[in-house]
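**Q** See upload_31.cif below, with mmCIF, C-alpha atoms and all ligand atoms.
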data_model
loop_
_atom_site.label_atom_id
_atom_site.label_comp_id
_atom_site.auth_asym_id
_atom_site.auth_seq_id
_atom_site.Cartn_x
_atom_site.Cartn_y
_atom_site.Cartn_z
CA MET A 1 117.17 101.88 99.89
CA MET A 2 120.54 100.55 100.97
CA LEU A 3 122.01 97.88 98.73
CA GLN A 4 124.13 94.99 99.88
CA SER A 5 127.41 95.36 98.04
CA THR A 6 130.13 93.95 100.26
CA ASP A 7 129.44 90.22 100.12
CA GLN A 8 131.66 88.47 97.59
CA SER A 9 130.31 84.92 98.18
CA PRO A 10 128.60 83.30 95.21
CA ALA A 11 124.80 83.24 95.33
CA ALA A 12 123.26 80.00 96.59
CA LEU A 13 119.92 81.06 95.20
CA ARG A 14 118.18 84.00 93.60
CA LEU A 15 114.75 85.43 93.14
CA VAL A 16 114.54 86.89 89.67
CA GLY A 17 111.70 89.35 89.01
CA ALA A 18 109.68 87.30 91.48
CA GLY A 19 106.15 88.41 92.33
CA VAL A 20 103.13 86.89 94.05
CA VAL A 21 99.45 87.74 93.63
CA TYR A 22 97.21 85.42 95.66
CA PRO A 23 94.12 83.96 93.95
CA ASN A 24 91.91 86.49 95.80
CA GLY A 25 93.82 89.30 94.06
CA THR A 26 96.06 90.31 97.00
CA ARG A 27 99.44 91.51 95.74
CA ALA A 28 101.75 90.11 98.46
CA LEU A 29 105.11 90.46 96.67
CA HIS A 30 105.93 93.08 94.03
CA PRO A 31 108.42 91.92 91.38
CA THR A 32 111.64 91.45 93.35
CA SER A 33 115.17 90.34 92.49
CA LEU A 34 117.45 89.21 95.31
CA ALA A 35 120.58 87.07 95.50
CA PHE A 36 121.29 85.08 98.67
CA ALA A 37 124.97 84.48 99.31
CA GLU A 38 126.22 80.97 100.00
CA GLY A 39 126.63 80.37 103.74
CA ALA A 40 125.06 83.68 104.82
CA PHE A 41 122.50 84.00 107.61
CA THR A 42 119.92 86.42 106.21
CA VAL A 43 117.07 87.78 108.31
CA LEU A 44 113.81 89.10 106.85
CA LEU A 45 112.30 91.80 109.06
CA GLY A 46 109.00 93.58 108.69
CA PRO A 47 105.61 94.17 110.24
CA SER A 48 102.86 91.58 110.12
CA GLY A 49 101.40 91.32 106.62
CA ALA A 50 104.54 92.81 105.00
CA GLY A 51 105.12 89.75 102.82
CA LYS A 52 107.97 87.99 104.68
CA SER A 53 106.26 84.64 104.77
CA THR A 54 105.21 84.91 101.13
CA LEU A 55 108.78 85.67 100.05
CA LEU A 56 110.24 82.89 102.18
CA ARG A 57 107.71 80.29 101.07
CA SER A 58 108.11 81.24 97.43
CA LEU A 59 111.75 80.16 97.75
CA ASN A 60 110.74 76.52 98.07
CA GLY A 61 107.55 76.66 96.04
CA LEU A 62 105.12 76.47 98.98
CA VAL A 63 103.73 79.70 97.54
CA PRO A 64 103.85 79.64 93.73
CA LEU A 65 105.25 82.73 92.02
CA THR A 66 102.90 84.47 89.63
CA GLU A 67 105.82 86.30 87.96
CA GLY A 68 109.56 85.66 87.65
CA HIS A 69 111.42 82.61 88.88
CA VAL A 70 113.72 81.08 91.49
CA GLU A 71 117.24 80.15 90.48
CA VAL A 72 119.47 77.76 92.45
CA SER A 73 123.26 77.70 91.96
CA ARG A 74 123.55 73.97 91.32
CA LEU A 75 120.26 73.57 89.41
CA GLY A 76 119.77 76.82 87.47
CA PRO A 77 116.27 78.28 87.04
CA LEU A 78 113.62 76.01 88.58
CA ARG A 79 111.34 75.42 85.63
CA ASP A 80 109.85 71.96 86.13
CA ALA A 81 108.60 69.63 88.86
CA ARG A 82 111.80 67.62 88.84
CA ALA A 83 114.03 70.67 89.49
CA TRP A 84 111.69 71.81 92.29
CA ARG A 85 111.83 68.33 93.85
CA GLU A 86 115.64 68.35 93.81
CA HIS A 87 115.68 71.83 95.35
CA ARG A 88 113.17 70.90 98.09
CA ARG A 89 115.14 67.82 99.00
CA ALA A 90 118.11 70.04 99.85
CA THR A 91 115.97 72.66 101.63
CA GLY A 92 115.16 72.30 105.33
CA MET A 93 112.08 74.22 106.42
CA VAL A 94 111.47 75.35 110.02
CA PHE A 95 108.00 76.66 110.85
CA GLN A 96 106.68 78.87 113.62
CA GLN A 97 104.27 76.22 114.92
CA HIS A 98 106.84 73.40 114.48
CA GLN A 99 104.31 71.34 112.46
CA LEU A 100 105.29 68.23 114.38
CA ILE A 101 103.02 65.22 114.69
CA GLY A 102 102.13 65.38 118.39
CA ARG A 103 101.42 61.68 118.96
CA LEU A 104 104.73 60.60 117.41
CA THR A 105 108.03 60.61 119.28
CA ALA A 106 110.65 63.29 118.75
CA PHE A 107 112.72 60.64 116.93
CA ALA A 108 109.88 59.66 114.57
CA ASN A 109 109.25 63.31 113.78
CA VAL A 110 112.90 63.88 112.93
CA LEU A 111 112.92 60.74 110.80
CA THR A 112 110.18 62.26 108.62
CA GLY A 113 112.90 64.69 107.49
CA ARG A 114 114.43 61.74 105.61
CA LEU A 115 111.30 60.80 103.67
CA GLY A 116 112.00 63.18 100.79
CA HIS A 117 115.14 61.16 100.08
CA HIS A 118 113.19 58.00 99.25
CA HIS A 119 110.75 56.82 96.65
CA ALA A 120 107.20 56.97 97.97
CA LEU A 121 106.90 53.16 98.00
CA ARG A 122 110.18 52.74 99.90
CA THR A 123 108.74 54.82 102.75
CA LEU A 124 106.19 52.06 103.44
CA LEU A 125 109.06 49.91 104.73
CA PRO A 126 111.15 50.58 107.84
CA LEU A 127 113.97 52.99 107.07
CA PRO A 128 117.54 51.60 107.15
CA THR A 129 119.79 52.00 110.19
CA ALA A 130 121.87 54.68 108.50
CA GLU A 131 118.74 56.83 108.23
CA LYS A 132 117.94 56.33 111.90
CA ARG A 133 121.50 57.27 112.79
CA LEU A 134 121.14 60.53 110.88
CA ALA A 135 117.96 61.29 112.82
CA LEU A 136 119.63 60.52 116.16
CA ASN A 137 122.64 62.65 115.25
CA ALA A 138 120.32 65.53 114.42
CA LEU A 139 118.57 65.17 117.78
CA ALA A 140 121.95 65.08 119.53
CA ARG A 141 122.99 68.32 117.80
CA VAL A 142 119.98 70.14 119.21
CA GLY A 143 120.64 68.61 122.65
CA LEU A 144 117.58 66.37 122.72
CA LEU A 145 118.96 62.86 122.48
CA GLU A 146 117.57 61.96 125.91
CA PHE A 147 114.08 63.02 124.71
CA ALA A 148 114.21 60.96 121.52
CA LEU A 149 111.40 58.64 122.63
CA ARG A 150 109.22 61.30 124.22
CA ARG A 151 105.99 62.17 122.38
CA ALA A 152 106.35 65.53 120.63
CA ASP A 153 103.23 66.89 122.35
CA GLN A 154 104.85 66.25 125.74
CA LEU A 155 107.80 68.53 125.00
CA SER A 156 108.02 72.24 125.84
CA GLY A 157 107.62 74.84 123.08
CA GLY A 158 111.38 75.40 122.90
CA GLN A 159 112.07 71.65 122.78
CA GLN A 160 109.46 71.20 120.04
CA GLN A 161 111.14 73.88 117.97
CA ARG A 162 114.50 72.16 118.52
CA VAL A 163 112.90 68.95 117.17
CA GLY A 164 111.71 71.05 114.21
CA ILE A 165 115.31 72.16 113.63
CA ALA A 166 116.56 68.57 113.99
CA ARG A 167 114.00 67.40 111.40
CA ALA A 168 115.31 70.04 108.97
CA LEU A 169 118.92 68.96 109.69
CA ALA A 170 118.13 65.28 109.16
CA GLN A 171 117.41 66.23 105.57
CA GLN A 172 121.09 67.15 105.22
CA PRO A 173 120.08 70.44 103.64
CA SER A 174 122.27 73.05 102.04
CA LEU A 175 119.58 75.69 102.53
CA VAL A 176 117.45 76.38 105.62
CA LEU A 177 114.28 78.47 105.40
CA ALA A 178 112.80 79.41 108.77
CA ASP A 179 109.45 81.21 108.91
CA GLU A 180 109.20 83.09 112.24
CA PRO A 181 110.88 80.13 114.00
CA VAL A 182 110.90 81.76 117.44
CA ALA A 183 107.74 83.87 117.31
CA SER A 184 105.75 81.63 119.64
CA LEU A 185 108.50 81.22 122.26
CA ASP A 186 109.15 83.31 125.37
CA PRO A 187 111.96 85.84 124.84
CA ALA A 188 114.73 83.93 126.65
CA THR A 189 113.89 80.64 124.91
CA ALA A 190 113.60 82.46 121.57
CA GLU A 191 117.12 83.78 121.96
CA ARG A 192 118.49 80.33 122.87
CA VAL A 193 116.73 78.54 120.00
CA LEU A 194 117.85 81.15 117.47
CA ALA A 195 121.43 80.96 118.78
CA LEU A 196 121.28 77.18 118.31
CA LEU A 197 119.97 77.48 114.74
CA HIS A 198 122.54 80.15 113.92
CA GLY A 199 125.42 78.12 115.41
CA ILE A 200 124.51 75.00 113.43
CA CYS A 201 124.13 76.92 110.17
CA ARG A 202 127.54 78.52 110.73
CA GLN A 203 129.20 75.23 111.61
CA ASP A 204 127.79 73.44 108.57
CA GLY A 205 128.16 76.40 106.18
CA LEU A 206 124.42 76.35 105.48
CA THR A 207 122.70 79.20 103.70
CA ALA A 208 119.87 80.39 105.97
CA ILE A 209 116.97 82.75 105.38
CA VAL A 210 114.99 83.43 108.53
CA SER A 211 112.03 85.73 109.10
CA LEU A 212 111.84 87.36 112.52
CA HIS A 213 109.94 90.12 114.19
CA GLN A 214 112.49 90.86 116.92
CA VAL A 215 114.77 93.63 115.70
CA GLU A 216 117.42 92.98 118.36
CA LEU A 217 117.67 89.29 117.49
CA ALA A 218 118.08 90.26 113.84
CA ARG A 219 120.86 92.70 114.74
CA ARG A 220 122.59 90.10 116.85
CA PHE A 221 122.53 87.11 114.52
CA ALA A 222 122.13 88.30 110.92
CA ASP A 223 124.90 88.72 108.38
CA ARG A 224 122.40 90.62 106.29
CA ILE A 225 119.00 92.10 107.06
CA ILE A 226 116.33 92.54 104.42
CA GLY A 227 113.47 94.79 105.49
CA ILE A 228 110.12 94.11 103.84
CA GLY A 229 107.19 96.52 103.78
CA GLY A 230 104.05 96.32 101.65
CA GLY A 231 105.46 93.44 99.59
CA ARG A 232 108.65 95.32 98.66
CA VAL A 233 112.27 95.33 99.85
CA VAL A 234 112.61 98.59 101.80
CA PHE A 235 116.02 97.92 103.40
CA ASP A 236 118.91 95.65 102.50
CA GLY A 237 122.16 95.83 104.39
CA PRO A 238 124.39 94.57 107.19
CA PRO A 239 123.11 94.74 110.79
CA ASP A 240 125.21 97.80 111.67
CA ALA A 241 123.45 99.76 108.92
CA LEU A 242 120.10 99.10 110.60
CA ASP A 243 119.91 102.28 112.65
CA ASP A 244 116.77 103.62 114.30
CA ALA A 245 115.75 105.54 111.17
CA ALA A 246 116.03 102.34 109.10
CA VAL A 247 113.91 100.46 111.65
CA ARG A 248 111.28 103.21 111.47
CA GLY A 249 111.43 102.94 107.67
CA ILE A 250 110.71 99.21 107.82
CA TYR A 251 107.97 99.45 110.43
CA GLY A 252 106.35 102.61 109.06
CA GLY A 253 107.18 104.68 112.14
CA THR A 254 105.95 102.17 114.73
CA PRO A 255 108.80 99.78 115.51
CA PRO A 256 107.92 96.87 117.80
CA ALA A 257 108.61 97.57 121.48
CA PRO A 258 111.73 95.80 122.83
CA THR A 259 110.87 92.76 124.92
CA PRO A 260 112.53 92.11 128.30
CA ALA A 261 114.91 89.66 126.61
CA THR A 262 115.95 92.08 123.89
CA ARG A 263 116.61 94.69 126.59
CA MET A 264 118.71 92.10 128.37
CA LEU A 265 120.60 91.45 125.11
CA GLU A 266 121.23 95.20 124.73
CA ASP A 267 122.74 95.18 128.22
CA VAL A 268 125.21 92.40 127.47
CA THR A 269 126.21 93.47 123.95
P1 LIG B 1 104.10 88.41 106.80
O1 LIG B 1 104.75 87.08 106.75
O2 LIG B 1 105.08 89.55 106.66
O3 LIG B 1 103.19 88.59 107.99
P2 LIG B 1 102.48 87.45 104.58
O4 LIG B 1 103.44 87.06 103.52
O5 LIG B 1 101.89 86.38 105.44
O6 LIG B 1 103.16 88.58 105.51
O7 LIG B 1 101.27 88.26 103.94
C1 LIG B 1 101.47 89.28 102.93
C2 LIG B 1 100.10 89.72 102.43
O8 LIG B 1 99.47 88.65 101.73
C3 LIG B 1 99.13 90.12 103.54
O9 LIG B 1 98.31 91.16 103.04
C4 LIG B 1 98.32 88.85 103.76
O10 LIG B 1 97.03 89.16 104.26
C5 LIG B 1 98.24 88.29 102.35
N1 LIG B 1 98.14 86.83 102.29
C6 LIG B 1 98.95 85.93 102.88
N2 LIG B 1 98.58 84.68 102.57
C7 LIG B 1 97.49 84.79 101.76
C8 LIG B 1 96.65 83.84 101.09
N3 LIG B 1 96.85 82.52 101.18
N4 LIG B 1 95.64 84.33 100.34
C9 LIG B 1 95.44 85.66 100.23
N5 LIG B 1 96.20 86.60 100.81
C10 LIG B 1 97.21 86.18 101.57
#
Just give me the structure as structure tokens.
**A**
Amino acid sequence: MMLQSTDQSPAALRLVGAGVVYPNGTRALHPTSLAFAEGAFTVLLGPSGAGKSTLLRSLNGLVPLTEGHVEVSRLGPLRDARAWREHRRATGMVFQQHQLIGRLTAFANVLTGRLGHHHALRTLLPLPTAEKRLALNALARVGLLEFALRRADQLSGGQQQRVGIARALAQQPSLVLADEPVASLDPATAERVLALLHGICRQDGLTAIVSLHQVELARRFADRIIGIGGGRVVFDGPPDALDDAAVRGIYGGTPPAPTPATRMLEDVT
């Protein structure tokens, strides 16, 4: 296994001896320790069922750890509900299926990103103008200001995912966790949406951890690639260390076939 040794940035967060066994007895993550550098764009790669989603979701408590803990630079080890709440408030989550409310406008969906910043009772009242401005700014950053009042279910898949990114940004996060954010998009749209997410994270200095199944997209955008197989880290290194043998190691000898878009990317890079 290759170890990441070159990055000198302080860790934004860590998994410490973290493991997950689901209630049905499935061991999805063997005890794992990883440090995620501040401001780095880390990609998790691995075949379906490898444990990428489990690892990613354990980082914001959507999947509870059964061993070990999560540690955040400004909060220390997350040991109680209050620390987890603080951490979640600063963590923007982007999902594969967007998880937007279809009958609400793009704007209203993005505004839900602000709810974690308010007491539950406060959310019964209209949110202040400053909050709405944050939501509009987030929509502008993903290029969707003109669609602000369009129902989410009337947007294309790529536009919906951009709304999902805007919702995460409206939270003013320091950490972005994206679980297969481009898996349900066509290859060209996937590349554009990932470039957008990557550009925003870079610009804002956000720490990002993104699971993908497209090897070429990982090579193109990641600062660091972590390969997962059978609930364990099987590769950890910079993109240029991910040679064909390493890809075979991650995918157990059957790497995913390049898509037309990844072939196109190979042509231009
Ligand atoms: P990936 O994201 O790499 O596809 P997952 O983290 O979703 O992998 O899954 C890792 C393993 O855990 C798989 O064997 C999967 O079937 C299992 N798993 C995932 N979610 C659950 C769950 N809620 N209950 C039981 N097993 C689960």
**Q** Contacts between ligand LIG 1 (chain B) and chain A, please, where a residue of chain A counts if it comes within 10 Å (with all atoms listed in the file); show its shortest atom pair and distance in Å to one decimal, rows by chain and ascending number, as a tab-separated table.
**A**
residue	atom	partner	partner_atom	distance
A:Val20	CA	B:LIG1	O8	8.7
A:Val21	CA	B:LIG1	N5	8.0
A:Tyr22	CA	B:LIG1	C9	4.9
A:Pro23	CA	B:LIG1	N4	6.6
A:Asn24	CA	B:LIG1	C9	5.7
A:Gly25	CA	B:LIG1	C9	7.3
A:Thr26	CA	B:LIG1	N5	5.3
A:Arg27	CA	B:LIG1	O8	6.6
A:Ala28	CA	B:LIG1	O8	4.2
A:Leu29	CA	B:LIG1	C1	7.3
A:Leu44	CA	B:LIG1	O2	8.7
A:Leu45	CA	B:LIG1	O2	7.9
A:Gly46	CA	B:LIG1	O2	6.0
A:Pro47	CA	B:LIG1	O2	5.9
A:Ser48	CA	B:LIG1	O3	3.7
A:Gly49	CA	B:LIG1	O6	3.4
A:Ala50	CA	B:LIG1	O2	3.7
A:Gly51	CA	B:LIG1	O4	3.2
A:Lys52	CA	B:LIG1	O2	3.8
A:Ser53	CA	B:LIG1	O1	3.5
A:Thr54	CA	B:LIG1	O4	3.7
A:Leu55	CA	B:LIG1	O4	6.5
A:Leu56	CA	B:LIG1	O4	8.1
A:Arg57	CA	B:LIG1	O4	8.4
A:Ser58	CA	B:LIG1	O4	9.6
A:Val63	CA	B:LIG1	N3	8.3
A:Asp179	CA	B:LIG1	O1	7.8
A:Glu180	CA	B:LIG1	O1	8.1
A:Ser211	CA	B:LIG1	O1	7.8
A:Leu212	CA	B:LIG1	O1	9.1
A:His213	CA	B:LIG1	O2	9.0
A:Gly227	CA	B:LIG1	O2	10.0
A:Ile228	CA	B:LIG1	O2	7.4
A:Gly229	CA	B:LIG1	O2	7.8
A:Gly230	CA	B:LIG1	C1	7.6
A:Gly231	CA	B:LIG1	C1	6.7
**Q** How about saving the chosen residues, C-alpha atoms kept, as a PDB file, keeping the file's coordinate frame?
**A**
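Dumped to selection_32.pdb:
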ATOM      1  CA  VAL A  20     103.130  86.890  94.050  1.00  0.00           C
ATOM      2  CA  VAL A  21      99.450  87.740  93.630  1.00  0.00           C
ATOM      3  CA  TYR A  22      97.210  85.420  95.660  1.00  0.00           C
ATOM      4  CA  PRO A  23      94.120  83.960  93.950  1.00  0.00           C
ATOM      5  CA  ASN A  24      91.910  86.490  95.800  1.00  0.00           C
ATOM      6  CA  GLY A  25      93.820  89.300  94.060  1.00  0.00           C
ATOM      7  CA  THR A  26      96.060  90.310  97.000  1.00  0.00           C
ATOM      8  CA  ARG A  27      99.440  91.510  95.740  1.00  0.00           C
ATOM      9  CA  ALA A  28     101.750  90.110  98.460  1.00  0.00           C
ATOM     10  CA  LEU A  29     105.110  90.460  96.670  1.00  0.00           C
ATOM     11  CA  LEU A  44     113.810  89.100 106.850  1.00  0.00           C
ATOM     12  CA  LEU A  45     112.300  91.800 109.060  1.00  0.00           C
ATOM     13  CA  GLY A  46     109.000  93.580 108.690  1.00  0.00           C
ATOM     14  CA  PRO A  47     105.610  94.170 110.240  1.00  0.00           C
ATOM     15  CA  SER A  48     102.860  91.580 110.120  1.00  0.00           C
ATOM     16  CA  GLY A  49     101.400  91.320 106.620  1.00  0.00           C
ATOM     17  CA  ALA A  50     104.540  92.810 105.000  1.00  0.00           C
ATOM     18  CA  GLY A  51     105.120  89.750 102.820  1.00  0.00           C
ATOM     19  CA  LYS A  52     107.970  87.990 104.680  1.00  0.00           C
ATOM     20  CA  SER A  53     106.260  84.640 104.770  1.00  0.00           C
ATOM     21  CA  THR A  54     105.210  84.910 101.130  1.00  0.00           C
ATOM     22  CA  LEU A  55     108.780  85.670 100.050  1.00  0.00           C
ATOM     23  CA  LEU A  56     110.240  82.890 102.180  1.00  0.00           C
ATOM     24  CA  ARG A  57     107.710  80.290 101.070  1.00  0.00           C
ATOM     25  CA  SER A  58     108.110  81.240  97.430  1.00  0.00           C
ATOM     26  CA  VAL A  63     103.730  79.700  97.540  1.00  0.00           C
ATOM     27  CA  ASP A 179     109.450  81.210 108.910  1.00  0.00           C
ATOM     28  CA  GLU A 180     109.200  83.090 112.240  1.00  0.00           C
ATOM     29  CA  SER A 211     112.030  85.730 109.100  1.00  0.00           C
ATOM     30  CA  LEU A 212     111.840  87.360 112.520  1.00  0.00           C
ATOM     31  CA  HIS A 213     109.940  90.120 114.190  1.00  0.00           C
ATOM     32  CA  GLY A 227     113.470  94.790 105.490  1.00  0.00           C
ATOM     33  CA  ILE A 228     110.120  94.110 103.840  1.00  0.00           C
ATOM     34  CA  GLY A 229     107.190  96.520 103.780  1.00  0.00           C
ATOM     35  CA  GLY A 230     104.050  96.320 101.650  1.00  0.00           C
ATOM     36  CA  GLY A 231     105.460  93.440  99.590  1.00  0.00           C
TER      37      GLY A 231
END
**Q** For Ala11 in chain A, which of A:Gln96, A:Arg74, A:Thr66, A:Glu216 is the closest residue, counting all atoms listed in the file?
**A** A:Arg74
**Q** One decimal, Å: what's the distance from CA of Val163 in chain A over to CA of Gly92 in chain A, could you say?
**A** 12.5 Å
**Q** Write out as a list in words which residues come within 10 Å of His198 in chain A when counting only C-alpha atoms, dropping same-chain ones fewer than 5 positions away.
**A**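 Counting only C-alpha atoms, the residues come to Phe41, Arg192, Val193, Gln203, Leu206, Ala208, Val210, Phe221 and Ala222 of chain A.
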**Q** For Arg220 in chain A, which residue among A:Gln160, A:Thr91, A:Gln99, A:Thr42 is the nearest when counting all atoms listed in the file?
**A**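 Closest residue, counting all atoms listed in the file: A:Thr42.
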**Q** Show me as a list of chain:residue names the residues that reach within 7 Å of (117.1, 76.3, 106.6), counting all atoms listed in the file and using the file's own coordinates.
**A**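 Within the cut-off we find A:Thr91, A:Gly92, A:Met93, A:Val94, A:Ala168, A:Leu175, A:Val176, A:Leu177, A:Ala178, A:Thr207, A:Ala208, A:Ile209.
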**Q** For the selection you just gave me, I'd like the residues written to a file as a tab-separated table (two decimals), in the frame of the given file, keeping C-alpha atoms.
**A**
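Here's the written file again_32.tsv:
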chain	number	residue	atom	x	y	z
A	91	THR	CA	115.97	72.66	101.63
A	92	GLY	CA	115.16	72.30	105.33
A	93	MET	CA	112.08	74.22	106.42
A	94	VAL	CA	111.47	75.35	110.02
A	168	ALA	CA	115.31	70.04	108.97
A	175	LEU	CA	119.58	75.69	102.53
A	176	VAL	CA	117.45	76.38	105.62
A	177	LEU	CA	114.28	78.47	105.40
A	178	ALA	CA	112.80	79.41	108.77
A	207	THR	CA	122.70	79.20	103.70
A	208	ALA	CA	119.87	80.39	105.97
A	209	ILE	CA	116.97	82.75	105.38
**Q** State, in Å with one decimal place, the distance from CA of His30 in chain A to CA of Leu217 in chain A.
**A**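 Distance between the two atoms: 26.5 Å.
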**Q** (113.9, 80.9, 91.3) in this file's frame - what residues fall within 8 Å of it? Use only C-alpha atoms and give the answer as a list in words.
**A**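 Within 8 Å of (113.9, 80.9, 91.3), the protein and nucleic acid residues are Leu13, Arg14, Leu15, Val16, Ala18, Leu59, Gly68, His69, Val70, Glu71, Val72, Pro77 and Leu78 of chain A.
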**Q** Next, write the just-selected residues to a file, as an mmCIF file, keeping the file's coordinate frame, keeping C-alpha atoms as the atom set.
**A**
data_model
loop_
_atom_site.group_PDB
_atom_site.id
_atom_site.type_symbol
_atom_site.label_atom_id
_atom_site.label_comp_id
_atom_site.auth_asym_id
_atom_site.auth_seq_id
_atom_site.Cartn_x
_atom_site.Cartn_y
_atom_site.Cartn_z
ATOM 1 C CA LEU A 13 119.920 81.060 95.200
ATOM 2 C CA ARG A 14 118.180 84.000 93.600
ATOM 3 C CA LEU A 15 114.750 85.430 93.140
ATOM 4 C CA VAL A 16 114.540 86.890 89.670
ATOM 5 C CA ALA A 18 109.680 87.300 91.480
ATOM 6 C CA LEU A 59 111.750 80.160 97.750
ATOM 7 C CA GLY A 68 109.560 85.660 87.650
ATOM 8 C CA HIS A 69 111.420 82.610 88.880
ATOM 9 C CA VAL A 70 113.720 81.080 91.490
ATOM 10 C CA GLU A 71 117.240 80.150 90.480
ATOM 11 C CA VAL A 72 119.470 77.760 92.450
ATOM 12 C CA PRO A 77 116.270 78.280 87.040
ATOM 13 C CA LEU A 78 113.620 76.010 88.580
#
**Q** Can you pull out every residue within 12 Å of range 242-248 of chain A, counting only C-alpha atoms, but drop anything in the same chain fewer than 2 positions away, and send it as a ChimeraX atom specification?
**A** /A:1-2,43,45-47,213-216,218-220,222-229,234-240,250-257
**Q** Can I get the selected residues back with C-alpha atoms, as a compact mmCIF listing (two decimals), keeping the file's coordinate frame?
**A**
# COMPACT_ATOMS: atom_id res chain seq x y z
CA MET A 1 117.17 101.88 99.89
CA MET A 2 120.54 100.55 100.97
CA VAL A 43 117.07 87.78 108.31
CA LEU A 45 112.30 91.80 109.06
CA GLY A 46 109.00 93.58 108.69
CA PRO A 47 105.61 94.17 110.24
CA HIS A 213 109.94 90.12 114.19
CA GLN A 214 112.49 90.86 116.92
CA VAL A 215 114.77 93.63 115.70
CA GLU A 216 117.42 92.98 118.36
CA ALA A 218 118.08 90.26 113.84
CA ARG A 219 120.86 92.70 114.74
CA ARG A 220 122.59 90.10 116.85
CA ALA A 222 122.13 88.30 110.92
CA ASP A 223 124.90 88.72 108.38
CA ARG A 224 122.40 90.62 106.29
CA ILE A 225 119.00 92.10 107.06
CA ILE A 226 116.33 92.54 104.42
CA GLY A 227 113.47 94.79 105.49
CA ILE A 228 110.12 94.11 103.84
CA GLY A 229 107.19 96.52 103.78
CA VAL A 234 112.61 98.59 101.80
CA PHE A 235 116.02 97.92 103.40
CA ASP A 236 118.91 95.65 102.50
CA GLY A 237 122.16 95.83 104.39
CA PRO A 238 124.39 94.57 107.19
CA PRO A 239 123.11 94.74 110.79
CA ASP A 240 125.21 97.80 111.67
CA ILE A 250 110.71 99.21 107.82
CA TYR A 251 107.97 99.45 110.43
CA GLY A 252 106.35 102.61 109.06
CA GLY A 253 107.18 104.68 112.14
CA THR A 254 105.95 102.17 114.73
CA PRO A 255 108.80 99.78 115.51
CA PRO A 256 107.92 96.87 117.80
CA ALA A 257 108.61 97.57 121.48
**Q** When you look at Leu155 in chain A with a cut-off of 12 Å (counting only C-alpha atoms), what residues show up, excluding the ones that are within fewer than 3 positions of it in the same chain? I need them as a ChimeraX atom specification.
**A** /A:98,100-106,144,146-152,158-164
**Q** Would you put the residues from that selection into a file with C-alpha atoms, as a compact mmCIF listing (two decimals), in the frame of the given file?
**A**
# COMPACT_ATOMS: atom_id res chain seq x y z
CA HIS A 98 106.84 73.40 114.48
CA LEU A 100 105.29 68.23 114.38
CA ILE A 101 103.02 65.22 114.69
CA GLY A 102 102.13 65.38 118.39
CA ARG A 103 101.42 61.68 118.96
CA LEU A 104 104.73 60.60 117.41
CA THR A 105 108.03 60.61 119.28
CA ALA A 106 110.65 63.29 118.75
CA LEU A 144 117.58 66.37 122.72
CA GLU A 146 117.57 61.96 125.91
CA PHE A 147 114.08 63.02 124.71
CA ALA A 148 114.21 60.96 121.52
CA LEU A 149 111.40 58.64 122.63
CA ARG A 150 109.22 61.30 124.22
CA ARG A 151 105.99 62.17 122.38
CA ALA A 152 106.35 65.53 120.63
CA GLY A 158 111.38 75.40 122.90
CA GLN A 159 112.07 71.65 122.78
CA GLN A 160 109.46 71.20 120.04
CA GLN A 161 111.14 73.88 117.97
CA ARG A 162 114.50 72.16 118.52
CA VAL A 163 112.90 68.95 117.17
CA GLY A 164 111.71 71.05 114.21
**Q** Would you pick out the contacts of range 128-135 of chain A at 6 Å or less, using only C-alpha atoms, so that residues sharing its chain but fewer than 2 positions from it are not included, and give the list as a list in words?
**A**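 Within the cut-off, the hits are Val110, Leu111, Asn137, Ala138 and Ala170 of chain A.
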**Q** Which of these residues is nearest to Leu194 in chain A, using all atoms listed in the file: A:Leu115, A:Thr32, A:Pro64, A:Val142?
**A**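 Residue with the minimum atom-to-atom distance to Leu194 in chain A: A:Val142.
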**Q** Please determine, counting all atoms listed in the file, which residue among A:Asp153, A:Leu62, A:Glu86, A:Arg141 has the shortest atom-to-atom distance to Leu197 in chain A.
**A**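 Ranked by minimum distance to Leu197 in chain A, first place goes to A:Arg141.
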**Q** Of the residues A:Cys201, A:Ala188, A:Leu196, A:Leu75, which is the one nearest to His87 in chain A, using all atoms listed in the file?
**A** A:Leu75
